[in-house]
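**Q** Below is the file entry15.pdb, with PDB, C-alpha atoms, pLDDT in the B column.
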ATOM      1  CA  MET A   1      15.956 -10.260  -5.470  1.00 34.00           C
ATOM      2  CA  SER A   2      14.812 -10.630  -9.036  1.00 39.00           C
ATOM      3  CA  THR A   3      16.603  -8.862 -11.838  1.00 38.00           C
ATOM      4  CA  SER A   4      14.011  -9.673 -14.455  1.00 43.00           C
ATOM      5  CA  ALA A   5      12.640  -6.906 -16.600  1.00 46.00           C
ATOM      6  CA  SER A   6       9.550  -5.046 -15.503  1.00 48.00           C
ATOM      7  CA  PRO A   7       6.395  -4.773 -17.642  1.00 51.00           C
ATOM      8  CA  THR A   8       8.011  -1.674 -19.131  1.00 50.00           C
ATOM      9  CA  GLY A   9      10.997  -3.771 -20.219  1.00 56.00           C
ATOM     10  CA  ARG A  10      13.310  -1.883 -17.866  1.00 55.00           C
ATOM     11  CA  THR A  11      15.282  -3.659 -15.169  1.00 57.00           C
ATOM     12  CA  PRO A  12      15.433  -1.911 -11.790  1.00 56.00           C
ATOM     13  CA  ALA A  13      19.016  -0.723 -12.399  1.00 54.00           C
ATOM     14  CA  GLU A  14      18.282   0.845 -15.787  1.00 56.00           C
ATOM     15  CA  PRO A  15      17.693   4.600 -16.115  1.00 54.00           C
ATOM     16  CA  ILE A  16      14.144   5.909 -16.241  1.00 53.00           C
ATOM     17  CA  GLY A  17      13.411   7.141 -19.748  1.00 52.00           C
ATOM     18  CA  ASP A  18      16.394   9.007 -21.112  1.00 50.00           C
ATOM     19  CA  ILE A  19      17.681  10.182 -17.727  1.00 49.00           C
ATOM     20  CA  ALA A  20      21.447  10.299 -17.566  1.00 53.00           C
ATOM     21  CA  THR A  21      23.030   7.490 -15.572  1.00 59.00           C
ATOM     22  CA  GLY A  22      25.050   9.841 -13.368  1.00 68.00           C
ATOM     23  CA  GLY A  23      23.970  10.927  -9.905  1.00 87.00           C
ATOM     24  CA  THR A  24      21.817   9.215  -7.334  1.00 94.00           C
ATOM     25  CA  VAL A  25      18.472   7.546  -7.856  1.00 96.00           C
ATOM     26  CA  THR A  26      16.871  10.564  -6.202  1.00 96.00           C
ATOM     27  CA  ASP A  27      18.660  12.847  -8.680  1.00 95.00           C
ATOM     28  CA  ARG A  28      17.173  10.750 -11.499  1.00 95.00           C
ATOM     29  CA  LEU A  29      13.698  11.011  -9.994  1.00 95.00           C
ATOM     30  CA  VAL A  30      13.975  14.782  -9.586  1.00 96.00           C
ATOM     31  CA  GLU A  31      15.111  15.084 -13.200  1.00 96.00           C
ATOM     32  CA  ALA A  32      12.137  12.979 -14.303  1.00 96.00           C
ATOM     33  CA  ASN A  33       9.881  15.273 -12.282  1.00 96.00           C
ATOM     34  CA  HIS A  34      11.239  18.325 -14.080  1.00 96.00           C
ATOM     35  CA  ARG A  35      10.309  16.763 -17.420  1.00 96.00           C
ATOM     36  CA  TYR A  36       6.878  15.819 -16.056  1.00 94.00           C
ATOM     37  CA  ALA A  37       6.270  19.323 -14.680  1.00 96.00           C
ATOM     38  CA  SER A  38       7.265  20.956 -17.968  1.00 95.00           C
ATOM     39  CA  GLY A  39       4.140  19.472 -19.574  1.00 95.00           C
ATOM     40  CA  PHE A  40       1.943  19.506 -16.477  1.00 93.00           C
ATOM     41  CA  THR A  41      -1.343  21.368 -16.374  1.00 92.00           C
ATOM     42  CA  ASP A  42      -3.413  21.674 -13.224  1.00 90.00           C
ATOM     43  CA  PRO A  43      -6.248  19.140 -13.581  1.00 89.00           C
ATOM     44  CA  GLY A  44      -8.425  21.337 -11.351  1.00 91.00           C
ATOM     45  CA  MET A  45      -9.359  18.426  -9.132  1.00 91.00           C
ATOM     46  CA  ASP A  46     -10.606  18.450  -5.585  1.00 90.00           C
ATOM     47  CA  ALA A  47      -8.791  16.349  -2.956  1.00 92.00           C
ATOM     48  CA  ARG A  48     -11.968  14.280  -2.572  1.00 96.00           C
ATOM     49  CA  PRO A  49     -11.659  11.039  -4.531  1.00 97.00           C
ATOM     50  CA  VAL A  50     -14.183  10.838  -7.369  1.00 96.00           C
ATOM     51  CA  LEU A  51     -15.135   7.228  -6.551  1.00 98.00           C
ATOM     52  CA  GLY A  52     -15.341   7.780  -2.778  1.00 98.00           C
ATOM     53  CA  VAL A  53     -13.005   4.876  -2.075  1.00 98.00           C
ATOM     54  CA  ALA A  54      -9.785   4.442  -0.126  1.00 98.00           C
ATOM     55  CA  VAL A  55      -7.483   1.589  -1.133  1.00 98.00           C
ATOM     56  CA  VAL A  56      -5.071   0.157   1.439  1.00 98.00           C
ATOM     57  CA  ALA A  57      -2.358  -1.963  -0.153  1.00 98.00           C
ATOM     58  CA  CYS A  58       1.145  -3.271   0.268  1.00 98.00           C
ATOM     59  CA  MET A  59       4.029  -1.067  -0.829  1.00 97.00           C
ATOM     60  CA  ASP A  60       5.426  -3.913  -2.978  1.00 97.00           C
ATOM     61  CA  ALA A  61       6.947  -2.456  -6.152  1.00 96.00           C
ATOM     62  CA  ARG A  62       5.407  -5.218  -8.292  1.00 95.00           C
ATOM     63  CA  ILE A  63       1.882  -3.865  -7.792  1.00 97.00           C
ATOM     64  CA  ASP A  64       0.716  -1.003  -9.999  1.00 96.00           C
ATOM     65  CA  LEU A  65      -2.552  -0.321  -8.200  1.00 96.00           C
ATOM     66  CA  HIS A  66      -3.972   2.190 -10.627  1.00 96.00           C
ATOM     67  CA  ASP A  67      -3.443  -0.087 -13.617  1.00 97.00           C
ATOM     68  CA  ALA A  68      -4.518  -3.235 -11.747  1.00 97.00           C
ATOM     69  CA  LEU A  69      -7.794  -1.614 -10.660  1.00 98.00           C
ATOM     70  CA  GLY A  70      -8.487   0.522 -13.735  1.00 97.00           C
ATOM     71  CA  LEU A  71      -8.158   3.733 -11.754  1.00 97.00           C
ATOM     72  CA  GLU A  72      -7.420   7.218 -13.006  1.00 95.00           C
ATOM     73  CA  LEU A  73      -5.863  10.184 -11.233  1.00 94.00           C
ATOM     74  CA  GLY A  74      -8.338  11.502  -8.679  1.00 96.00           C
ATOM     75  CA  ASP A  75     -10.392   8.296  -8.389  1.00 97.00           C
ATOM     76  CA  CYS A  76      -9.253   7.104  -4.953  1.00 98.00           C
ATOM     77  CA  HIS A  77      -7.106   7.626  -1.925  1.00 98.00           C
ATOM     78  CA  THR A  78      -4.203   5.195  -1.860  1.00 98.00           C
ATOM     79  CA  ILE A  79      -2.616   4.191   1.437  1.00 98.00           C
ATOM     80  CA  ARG A  80       0.389   1.881   1.211  1.00 98.00           C
ATOM     81  CA  ASN A  81       2.650   0.263   3.776  1.00 98.00           C
ATOM     82  CA  ALA A  82       4.624  -2.921   4.302  1.00 97.00           C
ATOM     83  CA  GLY A  83       2.091  -5.740   3.951  1.00 96.00           C
ATOM     84  CA  GLY A  84      -0.897  -3.483   3.395  1.00 97.00           C
ATOM     85  CA  VAL A  85      -1.866  -4.192   7.001  1.00 95.00           C
ATOM     86  CA  VAL A  86      -4.256  -1.986   8.911  1.00 97.00           C
ATOM     87  CA  THR A  87      -2.157  -0.259  11.568  1.00 97.00           C
ATOM     88  CA  ASP A  88      -2.956   2.744  13.761  1.00 97.00           C
ATOM     89  CA  ASP A  89      -1.512   5.008  11.077  1.00 97.00           C
ATOM     90  CA  VAL A  90      -3.742   3.423   8.413  1.00 98.00           C
ATOM     91  CA  ILE A  91      -6.758   4.014  10.688  1.00 98.00           C
ATOM     92  CA  ARG A  92      -5.570   7.627  11.019  1.00 98.00           C
ATOM     93  CA  SER A  93      -5.425   8.028   7.225  1.00 98.00           C
ATOM     94  CA  LEU A  94      -8.773   6.286   6.696  1.00 98.00           C
ATOM     95  CA  THR A  95     -10.390   8.466   9.356  1.00 98.00           C
ATOM     96  CA  ILE A  96      -9.204  11.626   7.610  1.00 98.00           C
ATOM     97  CA  SER A  97     -10.197  10.150   4.242  1.00 98.00           C
ATOM     98  CA  GLN A  98     -13.726   9.458   5.445  1.00 98.00           C
ATOM     99  CA  ARG A  99     -14.431  12.313   7.816  1.00 98.00           C
ATOM    100  CA  ALA A 100     -12.706  15.160   5.948  1.00 98.00           C
ATOM    101  CA  LEU A 101     -12.714  13.964   2.340  1.00 98.00           C
ATOM    102  CA  GLY A 102     -15.881  11.938   1.912  1.00 97.00           C
ATOM    103  CA  THR A 103     -14.799   8.362   1.207  1.00 98.00           C
ATOM    104  CA  ARG A 104     -17.293   5.648   2.086  1.00 98.00           C
ATOM    105  CA  SER A 105     -15.710   2.430   0.794  1.00 98.00           C
ATOM    106  CA  VAL A 106     -12.489   0.687   1.812  1.00 98.00           C
ATOM    107  CA  VAL A 107     -10.637  -1.843  -0.327  1.00 98.00           C
ATOM    108  CA  LEU A 108      -7.795  -3.807   1.287  1.00 98.00           C
ATOM    109  CA  ILE A 109      -5.203  -5.505  -0.928  1.00 98.00           C
ATOM    110  CA  HIS A 110      -2.518  -7.882   0.292  1.00 98.00           C
ATOM    111  CA  HIS A 111      -0.597 -10.069  -2.172  1.00 98.00           C
ATOM    112  CA  THR A 112       1.084 -13.392  -2.789  1.00 97.00           C
ATOM    113  CA  SER A 113       4.796 -13.790  -2.053  1.00 96.00           C
ATOM    114  CA  CYS A 114       4.796 -10.914   0.437  1.00 96.00           C
ATOM    115  CA  GLY A 115       8.046 -10.149   2.237  1.00 94.00           C
ATOM    116  CA  LEU A 116       6.206 -10.002   5.567  1.00 95.00           C
ATOM    117  CA  GLU A 117       5.606 -13.750   5.289  1.00 95.00           C
ATOM    118  CA  SER A 118       9.342 -14.300   5.828  1.00 94.00           C
ATOM    119  CA  LEU A 119       9.760 -11.929   8.787  1.00 94.00           C
ATOM    120  CA  THR A 120       8.856 -12.321  12.438  1.00 92.00           C
ATOM    121  CA  GLU A 121       8.617  -9.972  15.384  1.00 88.00           C
ATOM    122  CA  GLU A 122      12.227 -11.034  16.029  1.00 93.00           C
ATOM    123  CA  PHE A 123      13.051  -8.339  13.449  1.00 95.00           C
ATOM    124  CA  ARG A 124      12.226  -5.722  16.116  1.00 93.00           C
ATOM    125  CA  HIS A 125      14.506  -7.422  18.631  1.00 94.00           C
ATOM    126  CA  GLU A 126      17.362  -7.452  16.106  1.00 96.00           C
ATOM    127  CA  LEU A 127      16.824  -3.736  15.456  1.00 96.00           C
ATOM    128  CA  GLU A 128      16.902  -3.038  19.167  1.00 96.00           C
ATOM    129  CA  LEU A 129      20.210  -4.877  19.518  1.00 96.00           C
ATOM    130  CA  GLU A 130      21.653  -3.007  16.536  1.00 97.00           C
ATOM    131  CA  VAL A 131      20.554   0.550  17.319  1.00 97.00           C
ATOM    132  CA  GLY A 132      19.938   0.439  21.069  1.00 96.00           C
ATOM    133  CA  GLN A 133      16.282   1.351  20.887  1.00 96.00           C
ATOM    134  CA  ARG A 134      13.234  -0.890  20.456  1.00 93.00           C
ATOM    135  CA  PRO A 135      10.880   0.237  17.677  1.00 94.00           C
ATOM    136  CA  ALA A 136       7.491   1.401  18.942  1.00 93.00           C
ATOM    137  CA  TRP A 137       5.803  -0.243  15.953  1.00 93.00           C
ATOM    138  CA  ALA A 138       4.984  -3.896  15.338  1.00 93.00           C
ATOM    139  CA  VAL A 139       6.365  -5.675  12.274  1.00 95.00           C
ATOM    140  CA  GLU A 140       2.876  -7.096  11.570  1.00 95.00           C
ATOM    141  CA  ALA A 141       4.423 -10.203   9.999  1.00 94.00           C
ATOM    142  CA  PHE A 142       2.094 -13.050   9.041  1.00 95.00           C
ATOM    143  CA  ARG A 143       2.134 -16.603   7.714  1.00 95.00           C
ATOM    144  CA  ASP A 144      -1.395 -16.785   6.266  1.00 96.00           C
ATOM    145  CA  VAL A 145      -2.181 -13.944   3.867  1.00 97.00           C
ATOM    146  CA  ASP A 146      -5.923 -14.719   3.796  1.00 97.00           C
ATOM    147  CA  GLN A 147      -6.134 -14.572   7.587  1.00 97.00           C
ATOM    148  CA  ASP A 148      -4.179 -11.323   7.645  1.00 97.00           C
ATOM    149  CA  VAL A 149      -6.640  -9.778   5.181  1.00 98.00           C
ATOM    150  CA  ARG A 150      -9.483 -10.897   7.485  1.00 98.00           C
ATOM    151  CA  GLN A 151      -7.714  -9.327  10.463  1.00 97.00           C
ATOM    152  CA  SER A 152      -7.264  -6.063   8.560  1.00 97.00           C
ATOM    153  CA  MET A 153     -10.948  -6.040   7.543  1.00 98.00           C
ATOM    154  CA  GLN A 154     -11.908  -6.589  11.180  1.00 97.00           C
ATOM    155  CA  ARG A 155      -9.692  -3.718  12.335  1.00 98.00           C
ATOM    156  CA  VAL A 156     -11.418  -1.372   9.882  1.00 98.00           C
ATOM    157  CA  ARG A 157     -14.916  -2.609  10.717  1.00 98.00           C
ATOM    158  CA  THR A 158     -14.428  -2.206  14.473  1.00 97.00           C
ATOM    159  CA  SER A 159     -12.606   1.124  14.547  1.00 98.00           C
ATOM    160  CA  PRO A 160     -14.615   3.694  16.521  1.00 98.00           C
ATOM    161  CA  PHE A 161     -13.081   6.479  14.417  1.00 98.00           C
ATOM    162  CA  LEU A 162     -14.449   5.357  11.060  1.00 98.00           C
ATOM    163  CA  LEU A 163     -17.925   6.434  10.010  1.00 97.00           C
ATOM    164  CA  HIS A 164     -18.375   4.046   7.087  1.00 97.00           C
ATOM    165  CA  THR A 165     -17.567   0.394   7.745  1.00 97.00           C
ATOM    166  CA  GLY A 166     -20.336  -1.298   5.758  1.00 96.00           C
ATOM    167  CA  ASP A 167     -18.404  -1.468   2.473  1.00 97.00           C
ATOM    168  CA  VAL A 168     -15.061  -2.968   3.474  1.00 98.00           C
ATOM    169  CA  ARG A 169     -13.719  -5.673   1.183  1.00 98.00           C
ATOM    170  CA  GLY A 170     -10.418  -7.505   1.183  1.00 98.00           C
ATOM    171  CA  PHE A 171      -8.429  -9.137  -1.593  1.00 98.00           C
ATOM    172  CA  VAL A 172      -5.198 -10.962  -2.329  1.00 98.00           C
ATOM    173  CA  PHE A 173      -3.408  -9.819  -5.493  1.00 98.00           C
ATOM    174  CA  ASP A 174      -1.550 -12.621  -7.268  1.00 98.00           C
ATOM    175  CA  VAL A 175       1.817 -11.177  -8.332  1.00 97.00           C
ATOM    176  CA  THR A 176       2.210 -13.822 -11.057  1.00 97.00           C
ATOM    177  CA  THR A 177      -1.220 -13.475 -12.727  1.00 98.00           C
ATOM    178  CA  GLY A 178      -2.276  -9.939 -11.783  1.00 97.00           C
ATOM    179  CA  LEU A 179      -5.672 -11.204 -10.570  1.00 98.00           C
ATOM    180  CA  LEU A 180      -7.442 -10.267  -7.362  1.00 98.00           C
ATOM    181  CA  ARG A 181      -8.992 -12.999  -5.214  1.00 98.00           C
ATOM    182  CA  GLU A 182     -11.632 -11.805  -2.769  1.00 98.00           C
ATOM    183  CA  ILE A 183     -11.364 -12.949   0.840  1.00 98.00           C
ATOM    184  CA  ASP A 184     -14.511 -13.916   2.715  1.00 94.00           C
ATOM    185  CA  PRO A 185     -14.491 -12.106   6.071  1.00 87.00           C
ATOM    186  CA  GLU A 186     -16.120 -15.174   7.743  1.00 79.00           C
TER     187      GLU A 186
END
How would this structure read if it were set down as structure tokens?
**A**
Amino acid sequence: MSTSASPTGRTPAEPIGDIATGGTVTDRLVEANHRYASGFTDPGMDARPVLGVAVVACMDARIDLHDALGLELGDCHTIRNAGGVVTDDVIRSLTISQRALGTRSVVLIHHTSCGLESLTEEFRHELELEVGQRPAWAVEAFRDVDQDVRQSMQRVRTSPFLLHTGDVRGFVFDVTTGLLREIDPE
């Protein structure tokens, strides 16, 4: 785990803004929300994303999707999970995004140095031994990030639940440069 400072100059253990250091991390987040809400005004937006796009990306804390893509509040739907892989739950979210909320484009973003590159499905077996129950979900670990992006694009393009599969593009975000590299679906 890296302890280097973030782009904001704050290390992960440092308080957010001027939040007191006491309490749990969740307490700190709730306090930050109270400050946010004190100046909040309803933007009067609809739940439909202005740009008609859904972005599926990894949950990695190093990726600030809105800044990296030049997005503003209300521009897109953002769906994040470990690896940014297209799972049944991602298809569920994309289906609702398209059919109920009007999105037509899908952008998939994986990234370099992903934690899923160091895991295997053995992770599920270890969990089963520890807790006595096998997880119903797959780890979706991978060794080749480009190939995993291709697999995710294919899952979106072939889903019978999605109406709009013509504009599906996949990328790898480089966590050291901040650049996206587009993946050819082949």
**Q** May I ask which of the residues A:Ser152, A:Asp146, A:Leu179, A:Asp167 is the closest one to Asp67 of chain A, counting only C-alpha atoms?
**A**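 Checking each of A:Ser152, A:Asp146, A:Leu179, A:Asp167 against Asp67 of chain A, counting only C-alpha atoms, the winner is A:Leu179.
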**Q** Select, from A:Ala61, A:Leu101, A:Val86, A:Ile79, the residue with the minimum atom-to-atom distance to Asp46 of chain A, counting all atoms listed in the file.
**A**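 Selected residue with least distance to Asp46 of chain A: A:Leu101.
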**Q** Which of these residues is nearest to Leu180 of chain A, using only C-alpha atoms: A:Ala100, A:Leu116, A:Val107, A:Val30?
**A** A:Val107
**Q** Could you please determine the separation between atom CA of Gly84 of chain A and atom CA of Val56 of chain A in Å, to one decimal place?
**A**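 Between atom CA of Gly84 of chain A and atom CA of Val56 of chain A the gap is 5.9 Å.
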**Q** Report the distance between atom CA of Asp64 of chain A and atom CA of Leu119 of chain A in Å, rounded to one decimal place.
**A**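 Atom-to-atom, atom CA of Asp64 of chain A to atom CA of Leu119 of chain A, that is 23.5 Å.
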**Q** Extract, using all atoms listed in the file, all DNA, RNA and protein residues at most 8 Å from Arg150 of chain A, discarding same-chain residues fewer than 6 positions from it, and format them as an MDAnalysis selection string.
**A** chainID A and resid 170 183:186
**Q** Check the smallest atom-to-atom distance from each of A:His164, A:Leu129, A:Leu51, A:Asp89 to Gly70 of chain A using all atoms listed in the file, then report the winner.
**A**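 For Gly70 of chain A, the nearest of the given residues is A:Leu51.
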**Q** Using the chain letters and residue numbers of this document, give as a list of chain:residue names the residues selected by the PyMOL selection byres ((chain A and resi 140) around 10).
**A**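 The output of the PyMOL selection byres ((chain A and resi 140) around 10) on this file is A:Ala82, A:Gly83, A:Gly84, A:Val85, A:Val86, A:Thr87, A:Leu116, A:Glu117, A:Leu119, A:Thr120, A:Glu121, A:Trp137, A:Ala138, A:Val139, A:Ala141, A:Phe142, A:Asp148.
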**Q** Emit as JSON the padded axis-aligned box for all listed atoms of segment 47-61 of chain A, 3 Å per side, with centre and edge lengths in Å to one decimal.
**A**
{"center_x": -4.2, "center_y": 6.2, "center_z": -3.0, "size_x": 28.3, "size_y": 26.3, "size_z": 14.8}
**Q** Decode the PyMOL selection byres ((chain A and resi 166) around 10) for the given file into explicit residues and return them as a ChimeraX atom specification.
**A** /A:104-106,156-157,163-165,167-169
**Q** Interatomic distance between atom CA of Asp174 of chain A and atom CA of Val145 of chain A?
**A**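 Going from atom CA of Asp174 of chain A over to atom CA of Val145 of chain A, I get 11.2 Å.
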